[in-house]
file run.cif (mmCIF, C-alpha atoms and all ligand atoms)
data_start
loop_
_atom_site.label_atom_id
_atom_site.label_comp_id
_atom_site.auth_asym_id
_atom_site.auth_seq_id
_atom_site.Cartn_x
_atom_site.Cartn_y
_atom_site.Cartn_z
CA MET A 1 69.81 157.54 72.45
CA GLU A 2 69.41 158.44 76.08
CA ASN A 3 72.34 157.52 78.25
CA PHE A 4 71.45 154.33 80.07
CA VAL A 5 72.68 154.14 83.63
CA VAL A 6 72.50 150.70 85.21
CA SER A 7 70.13 150.55 88.16
CA ALA A 8 72.85 149.45 90.56
CA ARG A 9 74.54 152.81 90.00
CA LYS A 10 71.47 154.94 89.56
CA TYR A 11 69.96 153.66 92.79
CA ARG A 12 73.05 153.60 94.93
CA PRO A 13 71.83 154.62 98.41
CA SER A 14 72.83 158.16 99.29
CA ASN A 15 72.38 157.91 103.05
CA PHE A 16 72.28 155.29 105.79
CA LYS A 17 68.51 155.24 105.82
CA SER A 18 68.24 154.06 102.23
CA VAL A 19 70.53 151.08 102.72
CA VAL A 20 68.39 147.96 102.60
CA GLY A 21 68.60 145.13 105.10
CA GLN A 22 71.69 146.20 107.05
CA GLY A 23 70.01 148.05 109.90
CA HIS A 24 72.33 146.56 112.52
CA ILE A 25 75.27 148.16 110.75
CA THR A 26 73.86 151.55 109.81
CA THR A 27 72.45 152.07 113.30
CA THR A 28 75.77 151.27 114.93
CA LEU A 29 77.64 153.57 112.57
CA LYS A 30 75.20 156.40 113.16
CA ASN A 31 75.45 155.96 116.91
CA ALA A 32 79.23 156.07 116.68
CA ILE A 33 79.00 159.35 114.78
CA LYS A 34 76.49 160.71 117.26
CA ASN A 35 78.64 159.81 120.28
CA ASN A 36 81.80 160.87 118.55
CA HIS A 37 83.14 157.45 119.16
CA LEU A 38 84.26 156.34 115.76
CA ALA A 39 86.78 153.55 115.38
CA GLN A 40 89.69 154.24 113.05
CA ALA A 41 89.72 150.86 111.41
CA PHE A 42 86.74 148.86 110.27
CA LEU A 43 86.43 145.50 108.64
CA PHE A 44 83.31 145.05 106.54
CA CYS A 45 82.69 141.38 105.86
CA GLY A 46 80.02 139.78 103.74
CA PRO A 47 79.07 138.45 100.34
CA ARG A 48 79.26 140.47 97.13
CA GLY A 49 76.68 143.10 96.35
CA VAL A 50 75.15 143.60 99.79
CA GLY A 51 76.27 147.18 100.43
CA LYS A 52 79.81 147.08 101.85
CA THR A 53 81.32 149.65 99.52
CA THR A 54 78.11 151.64 99.64
CA CYS A 55 78.18 151.88 103.45
CA ALA A 56 81.87 152.72 103.43
CA ARG A 57 81.21 155.64 101.08
CA ILE A 58 78.20 156.83 103.04
CA LEU A 59 80.26 156.77 106.23
CA ALA A 60 83.01 158.77 104.54
CA LYS A 61 80.50 161.29 103.25
CA THR A 62 78.62 161.59 106.52
CA ILE A 63 81.63 162.24 108.72
CA ASN A 64 82.83 164.95 106.35
CA CYS A 65 79.42 166.58 105.91
CA GLU A 66 79.26 170.23 106.96
CA HIS A 67 75.60 170.20 107.97
CA ARG A 68 74.67 166.78 109.21
CA THR A 69 70.94 166.28 109.74
CA ALA A 70 69.43 165.84 113.18
CA ASP A 71 69.30 162.15 112.37
CA PHE A 72 73.07 161.98 111.77
CA GLU A 73 72.78 161.59 108.04
CA ALA A 74 74.73 163.44 105.36
CA CYS A 75 72.90 166.52 104.06
CA ASN A 76 73.74 165.67 100.42
CA GLN A 77 73.86 169.44 99.75
CA CYS A 78 76.99 170.95 101.22
CA ASP A 79 80.11 171.24 99.07
CA SER A 80 81.67 168.21 100.66
CA CYS A 81 78.59 166.02 100.12
CA GLN A 82 78.31 167.18 96.54
CA ALA A 83 81.93 166.37 95.90
CA PHE A 84 81.27 162.87 97.25
CA ASN A 85 78.15 162.46 95.17
CA ASN A 86 80.06 163.48 92.03
CA ASN A 87 82.90 161.11 92.86
CA ALA A 88 85.16 164.14 93.09
CA SER A 89 86.01 164.21 96.78
CA PHE A 90 89.66 164.20 97.81
CA ASN A 91 88.72 162.76 101.16
CA VAL A 92 87.95 159.28 100.04
CA HIS A 93 90.43 156.89 98.49
CA GLU A 94 89.55 153.51 97.19
CA LEU A 95 92.03 150.78 96.56
CA ASP A 96 90.97 147.53 94.98
CA ALA A 97 93.29 144.99 96.52
CA ALA A 98 92.24 142.40 93.99
CA SER A 99 94.23 144.22 91.31
CA ASN A 100 96.60 146.34 93.42
CA ASN A 101 98.03 143.95 95.92
CA SER A 102 101.76 144.57 95.81
CA VAL A 103 103.92 146.14 98.50
CA ASP A 104 104.36 149.19 96.27
CA ASP A 105 100.64 149.76 96.05
CA ILE A 106 100.38 149.76 99.81
CA ARG A 107 103.46 151.96 100.20
CA ASN A 108 101.79 154.51 97.92
CA LEU A 109 98.74 154.44 100.09
CA VAL A 110 100.70 154.73 103.31
CA GLU A 111 102.52 157.69 101.78
CA GLN A 112 99.22 159.44 101.05
CA VAL A 113 97.98 158.86 104.57
CA ARG A 114 100.68 161.19 105.85
CA TYR A 115 98.97 164.24 104.37
CA ALA A 116 96.14 165.74 106.37
CA PRO A 117 92.96 166.58 104.48
CA GLN A 118 92.86 170.05 102.88
CA GLN A 119 89.16 170.33 103.41
CA GLY A 120 86.88 168.48 105.76
CA GLN A 121 87.79 166.52 108.83
CA TYR A 122 88.54 163.00 107.73
CA LYS A 123 90.24 161.10 105.00
CA VAL A 124 88.76 157.70 104.46
CA TYR A 125 90.64 154.84 102.86
CA ILE A 126 88.58 152.00 101.52
CA ILE A 127 90.51 148.85 100.72
CA ASP A 128 88.30 146.42 98.87
CA GLU A 129 88.93 142.67 98.79
CA VAL A 130 91.60 143.18 101.41
CA HIS A 131 92.22 139.42 101.71
CA MET A 132 93.98 139.62 98.32
CA LEU A 133 96.87 141.70 99.66
CA SER A 134 100.16 139.86 99.65
CA THR A 135 101.73 139.05 103.01
CA ALA A 136 104.44 141.61 102.42
CA ALA A 137 101.82 144.22 101.60
CA PHE A 138 99.91 143.35 104.74
CA ASN A 139 103.03 143.84 106.81
CA ALA A 140 103.80 147.17 105.19
CA PHE A 141 100.30 148.25 106.14
CA LEU A 142 100.19 147.04 109.73
CA LYS A 143 102.05 149.91 111.30
CA THR A 144 99.79 152.50 109.71
CA LEU A 145 96.75 150.56 110.78
CA GLU A 146 98.13 150.36 114.29
CA GLU A 147 98.78 154.08 114.73
CA PRO A 148 96.92 156.04 112.10
CA PRO A 149 96.86 159.85 112.19
CA LYS A 150 93.72 161.23 113.82
CA TYR A 151 92.14 162.25 110.52
CA ALA A 152 92.53 158.86 108.84
CA ILE A 153 89.91 156.15 108.84
CA PHE A 154 90.40 152.76 107.23
CA ILE A 155 87.59 150.64 105.96
CA LEU A 156 88.70 147.24 104.85
CA ALA A 157 86.18 145.14 102.97
CA THR A 158 86.26 141.46 102.22
CA THR A 159 84.10 138.65 100.98
CA GLU A 160 86.37 136.14 102.66
CA LYS A 161 86.78 136.93 106.31
CA HIS A 162 88.50 133.62 107.07
CA LYS A 163 91.44 134.70 104.92
CA ILE A 164 92.14 137.79 107.03
CA ILE A 165 95.11 137.33 109.31
CA PRO A 166 94.52 137.71 113.07
CA THR A 167 96.84 140.72 113.34
CA ILE A 168 94.45 142.65 111.09
CA LEU A 169 91.29 141.25 112.68
CA SER A 170 92.38 142.32 116.13
CA ARG A 171 92.95 145.90 115.00
CA CYS A 172 89.58 146.44 113.38
CA GLN A 173 86.02 146.89 114.47
CA ILE A 174 84.27 144.09 112.59
CA PHE A 175 80.91 144.40 110.87
CA ASP A 176 79.21 141.39 109.34
CA PHE A 177 76.92 142.27 106.48
CA ASN A 178 73.83 140.15 105.90
CA ARG A 179 72.71 138.57 102.73
CA ILE A 180 69.55 140.44 101.91
CA GLN A 181 66.19 138.78 102.44
CA VAL A 182 64.03 137.96 99.43
CA ASN A 183 61.25 140.17 100.83
CA ASP A 184 63.54 143.16 101.24
CA ILE A 185 64.99 142.77 97.75
CA CYS A 186 61.48 142.45 96.39
CA GLU A 187 60.36 145.65 98.07
CA HIS A 188 63.40 147.49 96.76
CA LEU A 189 62.76 146.28 93.22
CA LYS A 190 59.15 147.35 93.54
CA TYR A 191 60.30 150.82 94.48
CA ILE A 192 62.71 151.02 91.55
CA ALA A 193 60.10 149.69 89.12
CA GLY A 194 57.81 152.46 90.38
CA GLU A 195 60.46 155.12 89.84
CA GLU A 196 61.16 153.82 86.35
CA LYS A 197 57.44 153.65 85.55
CA ILE A 198 57.64 149.95 84.87
CA GLU A 199 54.59 147.86 85.56
CA ALA A 200 56.06 144.80 87.20
CA GLU A 201 54.23 141.70 88.33
CA GLU A 202 55.00 140.85 91.93
CA GLU A 203 55.75 137.23 90.97
CA ALA A 204 58.37 138.41 88.49
CA LEU A 205 60.14 140.57 91.07
CA ARG A 206 60.04 137.77 93.59
CA LEU A 207 61.64 135.41 91.12
CA ILE A 208 64.42 137.90 90.44
CA ALA A 209 64.91 138.40 94.17
CA THR A 210 65.16 134.66 94.74
CA LYS A 211 67.57 134.20 91.86
CA ALA A 212 69.83 136.95 93.22
CA ASP A 213 70.52 134.81 96.28
CA GLY A 214 70.86 137.64 98.75
CA ALA A 215 72.88 140.04 96.62
CA LEU A 216 71.06 143.25 95.86
CA ARG A 217 73.45 144.21 93.10
CA ASP A 218 72.74 140.94 91.28
CA ALA A 219 69.02 141.53 91.66
CA LEU A 220 69.36 144.95 90.06
CA SER A 221 71.45 143.58 87.18
CA ILE A 222 68.94 140.82 86.48
CA PHE A 223 66.14 143.36 86.68
CA ASP A 224 67.88 145.60 84.10
CA LEU A 225 68.51 142.67 81.83
CA ILE A 226 64.92 141.53 81.77
CA VAL A 227 63.56 145.04 81.39
CA THR A 228 65.83 145.47 78.38
CA PHE A 229 64.47 142.31 76.81
CA SER A 230 60.85 143.05 77.58
CA ALA A 231 58.81 145.06 75.17
CA GLY A 232 57.44 148.30 76.57
CA ASN A 233 57.22 149.06 80.24
CA LYS A 234 55.94 145.76 81.49
CA LEU A 235 57.71 143.06 83.40
CA THR A 236 55.79 139.80 83.53
CA TYR A 237 56.34 136.52 85.31
CA GLN A 238 56.25 134.58 82.04
CA GLU A 239 58.92 136.78 80.48
CA THR A 240 61.08 136.51 83.56
CA ILE A 241 61.03 132.72 83.73
CA SER A 242 61.80 132.37 80.07
CA ASN A 243 64.64 134.88 80.31
CA LEU A 244 66.14 133.31 83.39
CA HIS A 245 65.40 129.84 82.11
CA ILE A 246 63.62 128.89 85.29
CA LEU A 247 61.01 126.18 85.38
CA ASP A 248 57.56 127.63 86.01
CA TYR A 249 56.49 126.52 89.50
CA ASP A 250 53.15 125.69 87.97
CA TYR A 251 54.79 122.47 86.77
CA TYR A 252 55.55 121.36 90.30
CA PHE A 253 51.95 121.88 91.29
CA LYS A 254 50.80 119.83 88.32
CA VAL A 255 53.31 117.07 89.02
CA VAL A 256 52.21 116.78 92.64
CA GLU A 257 48.57 116.80 91.58
CA SER A 258 49.23 113.85 89.29
CA LEU A 259 51.24 112.08 91.98
CA LEU A 260 48.43 112.44 94.50
CA ALA A 261 46.01 111.08 91.92
CA GLY A 262 48.37 108.13 91.46
CA SER A 263 48.69 108.76 87.74
CA ILE A 264 52.02 107.44 86.50
CA SER A 265 51.23 108.26 82.89
CA ASN A 266 50.39 111.90 83.62
CA VAL A 267 53.52 112.49 85.59
CA LEU A 268 55.74 110.86 82.94
CA LEU A 269 54.19 113.05 80.27
CA LEU A 270 54.77 116.16 82.36
CA PHE A 271 58.39 115.20 82.89
CA ASP A 272 58.78 114.65 79.16
CA GLU A 273 57.37 118.12 78.48
CA ILE A 274 59.82 119.65 80.96
CA LEU A 275 62.79 117.91 79.33
CA LYS A 276 61.62 119.00 75.89
CA LYS A 277 61.69 122.59 77.07
CA GLY A 278 65.39 122.13 77.68
CA PHE A 279 65.34 121.77 81.47
CA ASP A 280 67.67 119.39 83.20
CA GLY A 281 66.40 116.34 85.07
CA HIS A 282 68.63 116.92 88.06
CA ASN A 283 67.43 120.49 88.56
CA PHE A 284 63.89 119.26 88.19
CA ILE A 285 64.29 116.76 91.02
CA ILE A 286 65.90 119.38 93.23
CA GLY A 287 63.07 121.77 92.44
CA LEU A 288 60.53 119.10 93.20
CA SER A 289 62.19 118.45 96.57
CA GLU A 290 61.95 122.14 97.36
CA HIS A 291 58.32 122.08 96.42
CA PHE A 292 57.68 119.16 98.81
CA ARG A 293 59.56 121.04 101.48
CA ASP A 294 57.40 124.10 100.94
CA LEU A 295 54.24 122.00 101.15
CA MET A 296 55.47 120.47 104.38
CA VAL A 297 56.23 123.84 105.86
CA CYS A 298 52.67 124.92 105.01
CA LYS A 299 51.23 122.09 107.08
CA ASP A 300 51.85 123.99 110.28
CA PRO A 301 50.70 127.61 110.67
CA ALA A 302 53.80 128.22 112.79
CA THR A 303 56.12 127.54 109.86
CA VAL A 304 54.11 128.96 106.95
CA GLU A 305 56.27 132.07 107.05
CA LEU A 306 59.26 129.98 106.03
CA ILE A 307 58.07 129.85 102.44
CA GLN A 308 59.11 132.97 100.64
CA VAL A 309 56.49 133.38 97.96
CA SER A 310 53.94 136.00 97.01
CA ASP A 311 50.56 136.03 98.75
CA SER A 312 48.71 134.65 95.77
CA ALA A 313 51.17 131.78 95.42
CA LYS A 314 50.99 131.11 99.16
CA GLU A 315 47.28 130.38 98.83
CA ARG A 316 48.10 127.71 96.26
CA TYR A 317 50.72 126.11 98.46
CA LEU A 318 48.33 126.04 101.38
CA GLN A 319 45.68 124.37 99.27
CA GLN A 320 47.96 121.67 97.92
CA SER A 321 49.49 121.02 101.32
CA GLN A 322 45.99 120.26 102.64
CA GLN A 323 45.64 117.51 100.06
CA ALA A 324 48.92 115.78 100.85
CA ASN A 325 49.39 114.09 104.20
CA MET A 326 52.56 114.25 106.24
CA SER A 327 53.63 110.61 105.62
CA PHE A 328 53.39 111.20 101.89
CA LEU A 329 55.46 114.38 102.04
CA LEU A 330 58.15 112.83 104.23
CA SER A 331 58.50 109.74 102.06
CA ALA A 332 58.43 111.84 98.91
CA LEU A 333 61.22 114.06 100.22
CA SER A 334 63.30 111.06 101.06
CA LEU A 335 62.77 109.47 97.61
CA CYS A 336 63.69 112.73 95.88
CA ASN A 337 66.73 113.05 98.06
CA GLN A 338 67.93 109.58 97.09
CA CYS A 339 67.35 110.39 93.44
CA ASP A 340 69.35 113.60 93.82
CA ILE A 341 72.29 111.87 95.47
CA GLN A 342 72.45 109.03 92.93
CA TYR A 343 71.72 111.17 89.88
CA LYS A 344 75.31 111.87 88.88
CA SER A 345 76.36 108.21 89.00
CA SER A 346 73.35 106.91 87.10
CA LYS A 347 74.00 105.66 83.56
CA ASN A 348 70.48 106.46 82.39
CA GLN A 349 69.52 109.65 84.14
CA ARG A 350 66.17 110.07 82.49
CA LEU A 351 65.10 106.60 83.56
CA HIS A 352 66.49 107.27 87.00
CA VAL A 353 64.19 110.26 87.47
CA GLU A 354 61.27 108.44 85.87
CA LEU A 355 61.66 105.56 88.27
CA THR A 356 61.55 107.97 91.19
CA LEU A 357 58.42 109.58 89.77
CA MET A 358 56.77 106.16 89.42
CA LYS A 359 57.58 105.31 93.02
CA LEU A 360 56.23 108.68 94.09
CA ALA A 361 52.99 108.08 92.19
CA LYS A 362 52.54 104.79 94.03
CA LEU A 363 53.20 106.35 97.42
CA PRO A 364 49.68 107.59 98.26
CA HIS A 365 48.31 104.12 97.61
CA ALA A 366 51.04 102.39 99.61
CA ILE A 367 50.52 104.75 102.51
CA SER A 368 46.79 104.18 102.64
CA LEU A 369 47.34 100.39 102.51
CA ALA A 370 49.75 100.65 105.40
CA ALA A 371 47.21 102.69 107.34
CA VAL A 372 44.52 100.06 106.73
CA ALA A 373 46.85 97.29 107.85
CA GLN A 374 47.63 99.22 111.01
CA GLU A 375 43.92 99.64 111.75
CA GLU A 376 43.41 95.90 111.28
CA THR A 377 46.16 94.97 113.74
CA LYS A 378 44.77 97.48 116.22
CA LYS A 379 41.32 95.89 115.95
CA LYS A 380 42.71 92.39 116.44
CA ALA A 381 44.69 93.40 119.48
N1 LIG B 401 72.04 147.00 101.21
C1 LIG B 401 71.82 147.65 100.06
N2 LIG B 401 70.84 148.59 99.96
C2 LIG B 401 70.60 149.23 98.81
N3 LIG B 401 71.31 149.02 97.67
C3 LIG B 401 72.28 148.11 97.70
C4 LIG B 401 72.59 147.38 98.89
N4 LIG B 401 73.60 146.52 98.62
C5 LIG B 401 73.91 146.70 97.33
N5 LIG B 401 73.12 147.64 96.76
C6 LIG B 401 73.16 148.05 95.34
O1 LIG B 401 74.22 147.35 94.71
C7 LIG B 401 75.25 148.23 94.30
C8 LIG B 401 76.59 147.66 94.70
O2 LIG B 401 76.72 147.54 96.09
P1 LIG B 401 78.13 147.57 96.85
O3 LIG B 401 77.98 148.41 98.05
O4 LIG B 401 79.21 147.95 95.89
O5 LIG B 401 78.27 146.05 97.26
P2 LIG B 401 79.53 145.30 97.90
O6 LIG B 401 80.59 146.31 98.15
O7 LIG B 401 78.98 144.68 99.15
O8 LIG B 401 79.91 144.27 96.89
C9 LIG B 401 74.95 149.56 94.99
O9 LIG B 401 75.32 150.63 94.17
C10 LIG B 401 73.44 149.52 95.18
O10 LIG B 401 72.77 149.96 94.04
MG MG B 402 82.39 146.44 97.03
ZN ZN B 403 76.65 167.61 103.64
#
call {"tool": "encode", "arguments": {"input": "run.cif", "output": "structure tokens"}}
result
Amino acid sequence: MENFVVSARKYRPSNFKSVVGQGHITTTLKNAIKNNHLAQAFLFCGPRGVGKTTCARILAKTINCEHRTADFEACNQCDSCQAFNNNASFNVHELDAASNNSVDDIRNLVEQVRYAPQQGQYKVYIIDEVHMLSTAAFNAFLKTLEEPPKYAIFILATTEKHKIIPTILSRCQIFDFNRIQVNDICEHLKYIAGEEKIEAEEEALRLIATKADGALRDALSIFDLIVTFSAGNKLTYQETISNLHILDYDYYFKVVESLLAGSISNVLLLFDEILKKGFDGHNFIIGLSEHFRDLMVCKDPATVELIQVSDSAKERYLQQSQQANMSFLLSALSLCNQCDIQYKSSKNQRLHVELTLMKLAKLPHAISLAAVAQEETKKKA
């Protein structure tokens, strides 16, 4: 069997340019290299899987590269770059503070810092999850961080910036990494699918991107998982929703259709079908709220961009939003919201959701009655 390399490793960016969605950081780092104005201590903050370690390694590689490109990227060819790419460079040291957080671990590191690099210009120390270091370890580290030798660069990374003590914060140049936008993740997945010769439906990739919640690594892991389960080289929307156990958004469209038609029976039957498929009533109501929100956002051309769906799906949202008026959407959102808040304390949760659905189905009628009444009073006045 061919050796399977997970996509997150196989497609680890090899230069600044290929890092997705962190332009503000890669540009600043490149400029610092260009102007020879590199800080000696950095703090990379941000959620998991958005490129902190990746950027730290690229920085280490780039500043040690023997033939940097005109664009201040690593050449990926010189001996130093190759050593980095094979994880064999002596100029980069990684310490995972989550598992090595004692004073001794830091003392070891501080000891190493005393030796200048044999080859290349810089030694880079990456300390991951730096907020996990014990107070004593922090203190043992402070002096080195304060006055590091010229060849040493420290990159501290953390997912929890608020846990970093001020003495460290004030000694570092701070970079805040973004969660990655659904669109950017989607594009990246499309590229990888292309490289892997996998025919992927855009809707499927979008779903994965949404599920990953801003973390590119998670998106790649989910992608691998579903590709493994799928037969052949196809990745379909249907397969993805069943694998991820996500409710097909088609249901929300159907539910709203029935609501607008005022059909209580239809909507109860749909809800029954959803429960039978093993979905949870609470998630359904939250999903329905999001659907109402998306319809509302589609009402105004200025906000249409706020829905993050594929072009074909967007058309469907636009159509349905035309059929629902603003009063309906606002009241519907508020009813769903109440249902969501009270869900946990309800003794009969199924009935609780059903009651909300019944009220929702009566909304269009109630709203039109109210409008008629208003007209009448206007006429009389
Ligand atoms: N911004 C990004 N651009 C491209 N790939 C990324 C990005 N962020 C994460 N990845 C992918 O996820 C993997 C893990 O990223 P990593 O840099 O270790 O994340 P972090 O250190 O922020 O948790 C990388 O090898 C890469 O495949
Ligand atoms: Mg990391
Ligand atoms: Zn090089």
call {"tool": "closest_residue", "arguments": {"input": "run.cif", "among": "A:Ile58, A:Ala8, A:Ala39, A:Ile198", "to": "ligand ZN 403 (chain B)", "atoms": "all atoms listed in the file"}}
result
A:Ile58
call {"tool": "closest_atom_pairs", "arguments": {"input": "run.cif", "of": "chain A", "to": "ligand LIG 401 (chain B)", "cutoff": "6 Å", "atoms": "all atoms listed in the file", "output": "tab-separated table"}}
result
residue	atom	partner	partner_atom	distance
A:Ala8	CA	B:LIG401	O10	3.5
A:Arg9	CA	B:LIG401	O9	4.8
A:Tyr11	CA	B:LIG401	O10	4.8
A:Arg12	CA	B:LIG401	O10	3.8
A:Pro13	CA	B:LIG401	C2	5.5
A:Val19	CA	B:LIG401	N2	3.7
A:Val20	CA	B:LIG401	N2	3.7
A:Gly21	CA	B:LIG401	N1	5.5
A:Gln22	CA	B:LIG401	N1	5.9
A:Arg48	CA	B:LIG401	O8	3.9
A:Gly49	CA	B:LIG401	O5	3.5
A:Val50	CA	B:LIG401	N4	3.5
A:Gly51	CA	B:LIG401	O3	3.2
A:Lys52	CA	B:LIG401	O7	3.7
A:Thr53	CA	B:LIG401	O6	3.7
A:Thr54	CA	B:LIG401	O3	3.6
A:Leu216	CA	B:LIG401	C5	4.7
A:Arg217	CA	B:LIG401	O1	3.6
call {"tool": "write_last_selection", "arguments": {"input": "run.cif", "atoms": "C-alpha atoms", "output": "tab-separated table (two decimals), in the coordinates of the input"}}
result
chain	number	residue	atom	x	y	z
A	8	ALA	CA	72.85	149.45	90.56
A	9	ARG	CA	74.54	152.81	90.00
A	11	TYR	CA	69.96	153.66	92.79
A	12	ARG	CA	73.05	153.60	94.93
A	13	PRO	CA	71.83	154.62	98.41
A	19	VAL	CA	70.53	151.08	102.72
A	20	VAL	CA	68.39	147.96	102.60
A	21	GLY	CA	68.60	145.13	105.10
A	22	GLN	CA	71.69	146.20	107.05
A	48	ARG	CA	79.26	140.47	97.13
A	49	GLY	CA	76.68	143.10	96.35
A	50	VAL	CA	75.15	143.60	99.79
A	51	GLY	CA	76.27	147.18	100.43
A	52	LYS	CA	79.81	147.08	101.85
A	53	THR	CA	81.32	149.65	99.52
A	54	THR	CA	78.11	151.64	99.64
A	216	LEU	CA	71.06	143.25	95.86
A	217	ARG	CA	73.45	144.21	93.10
call {"tool": "atom_distance", "arguments": {"input": "run.cif", "atom1": "atom CA of Ala152 of chain A", "atom2": "atom CA of Gly23 of chain A"}}
result
25.0 Å
call {"tool": "residues_near_point", "arguments": {"input": "run.cif", "point": "(63.0, 112.4, 99.9)", "cutoff": "10 Å", "atoms": "all atoms listed in the file", "output": "list in words"}}
result
Ile285, Leu288, Ser289, Phe292, Arg293, Phe328, Leu329, Leu330, Ser331, Ala332, Leu333, Ser334, Leu335, Cys336, Asn337, Gln338, Cys339, Asp340, Thr356 and Leu360 of chain A
call {"tool": "closest_residue", "arguments": {"input": "run.cif", "among": "A:Asn85, A:Leu38, A:Ile155, A:Cys78", "to": "ligand MG 402 (chain B)", "atoms": "all atoms listed in the file"}}
result
A:Ile155
call {"tool": "closest_residue", "arguments": {"input": "run.cif", "among": "A:Ala74, A:Ala361, A:Ile165, A:Ala60", "to": "ligand ZN 403 (chain B)", "atoms": "all atoms listed in the file"}}
result
A:Ala74
call {"tool": "decode", "arguments": {"input": "run.cif", "residues": "segment 269-282 of chain A", "atoms": "N, CA, C and O atoms", "output": "PDB file, in the first residue's frame"}}
result
ATOM      1  N   LEU A 269     -44.640  17.170   9.705  1.00  0.00           N
ATOM      2  CA  LEU A 269     -44.139  15.950   9.065  1.00  0.00           C
ATOM      3  C   LEU A 269     -42.650  16.066   8.739  1.00  0.00           C
ATOM      4  O   LEU A 269     -41.877  15.127   8.925  1.00  0.00           O
ATOM      5  N   LEU A 270     -42.273  17.248   8.259  1.00  0.00           N
ATOM      6  CA  LEU A 270     -40.847  17.467   7.954  1.00  0.00           C
ATOM      7  C   LEU A 270     -40.003  17.327   9.212  1.00  0.00           C
ATOM      8  O   LEU A 270     -38.944  16.693   9.208  1.00  0.00           O
ATOM      9  N   PHE A 271     -40.489  17.926  10.291  1.00  0.00           N
ATOM     10  CA  PHE A 271     -39.745  17.867  11.547  1.00  0.00           C
ATOM     11  C   PHE A 271     -39.616  16.412  12.018  1.00  0.00           C
ATOM     12  O   PHE A 271     -38.562  15.983  12.488  1.00  0.00           O
ATOM     13  N   ASP A 272     -40.690  15.662  11.841  1.00  0.00           N
ATOM     14  CA  ASP A 272     -40.661  14.246  12.219  1.00  0.00           C
ATOM     15  C   ASP A 272     -39.586  13.500  11.417  1.00  0.00           C
ATOM     16  O   ASP A 272     -38.809  12.709  11.954  1.00  0.00           O
ATOM     17  N   GLU A 273     -39.538  13.792  10.127  1.00  0.00           N
ATOM     18  CA  GLU A 273     -38.553  13.143   9.252  1.00  0.00           C
ATOM     19  C   GLU A 273     -37.125  13.465   9.720  1.00  0.00           C
ATOM     20  O   GLU A 273     -36.256  12.583   9.758  1.00  0.00           O
ATOM     21  N   ILE A 274     -36.928  14.716  10.100  1.00  0.00           N
ATOM     22  CA  ILE A 274     -35.595  15.149  10.544  1.00  0.00           C
ATOM     23  C   ILE A 274     -35.192  14.414  11.829  1.00  0.00           C
ATOM     24  O   ILE A 274     -34.070  13.926  11.966  1.00  0.00           O
ATOM     25  N   LEU A 275     -36.153  14.308  12.756  1.00  0.00           N
ATOM     26  CA  LEU A 275     -35.857  13.599  14.014  1.00  0.00           C
ATOM     27  C   LEU A 275     -35.569  12.125  13.742  1.00  0.00           C
ATOM     28  O   LEU A 275     -34.663  11.531  14.330  1.00  0.00           O
ATOM     29  N   LYS A 276     -36.323  11.543  12.808  1.00  0.00           N
ATOM     30  CA  LYS A 276     -36.125  10.128  12.496  1.00  0.00           C
ATOM     31  C   LYS A 276     -34.742   9.862  11.918  1.00  0.00           C
ATOM     32  O   LYS A 276     -34.202   8.776  12.043  1.00  0.00           O
ATOM     33  N   LYS A 277     -34.189  10.885  11.270  1.00  0.00           N
ATOM     34  CA  LYS A 277     -32.842  10.712  10.718  1.00  0.00           C
ATOM     35  C   LYS A 277     -31.777  10.842  11.795  1.00  0.00           C
ATOM     36  O   LYS A 277     -30.576  10.789  11.506  1.00  0.00           O
ATOM     37  N   GLY A 278     -32.219  11.063  13.016  1.00  0.00           N
ATOM     38  CA  GLY A 278     -31.266  11.108  14.123  1.00  0.00           C
ATOM     39  C   GLY A 278     -30.761  12.500  14.450  1.00  0.00           C
ATOM     40  O   GLY A 278     -29.806  12.655  15.210  1.00  0.00           O
ATOM     41  N   PHE A 279     -31.380  13.542  13.888  1.00  0.00           N
ATOM     42  CA  PHE A 279     -30.933  14.893  14.212  1.00  0.00           C
ATOM     43  C   PHE A 279     -31.644  15.380  15.461  1.00  0.00           C
ATOM     44  O   PHE A 279     -32.734  14.925  15.805  1.00  0.00           O
ATOM     45  N   ASP A 280     -31.003  16.330  16.114  1.00  0.00           N
ATOM     46  CA  ASP A 280     -31.468  16.793  17.399  1.00  0.00           C
ATOM     47  C   ASP A 280     -32.334  18.054  17.218  1.00  0.00           C
ATOM     48  O   ASP A 280     -32.039  18.909  16.377  1.00  0.00           O
ATOM     49  N   GLY A 281     -33.421  18.123  17.986  1.00  0.00           N
ATOM     50  CA  GLY A 281     -34.363  19.222  17.834  1.00  0.00           C
ATOM     51  C   GLY A 281     -33.737  20.583  18.094  1.00  0.00           C
ATOM     52  O   GLY A 281     -34.047  21.558  17.415  1.00  0.00           O
ATOM     53  N   HIS A 282     -32.839  20.613  19.054  1.00  0.00           N
ATOM     54  CA  HIS A 282     -32.223  21.901  19.402  1.00  0.00           C
ATOM     55  C   HIS A 282     -31.365  22.427  18.244  1.00  0.00           C
ATOM     56  O   HIS A 282     -31.469  23.570  17.852  1.00  0.00           O
TER      57      HIS A 282
END
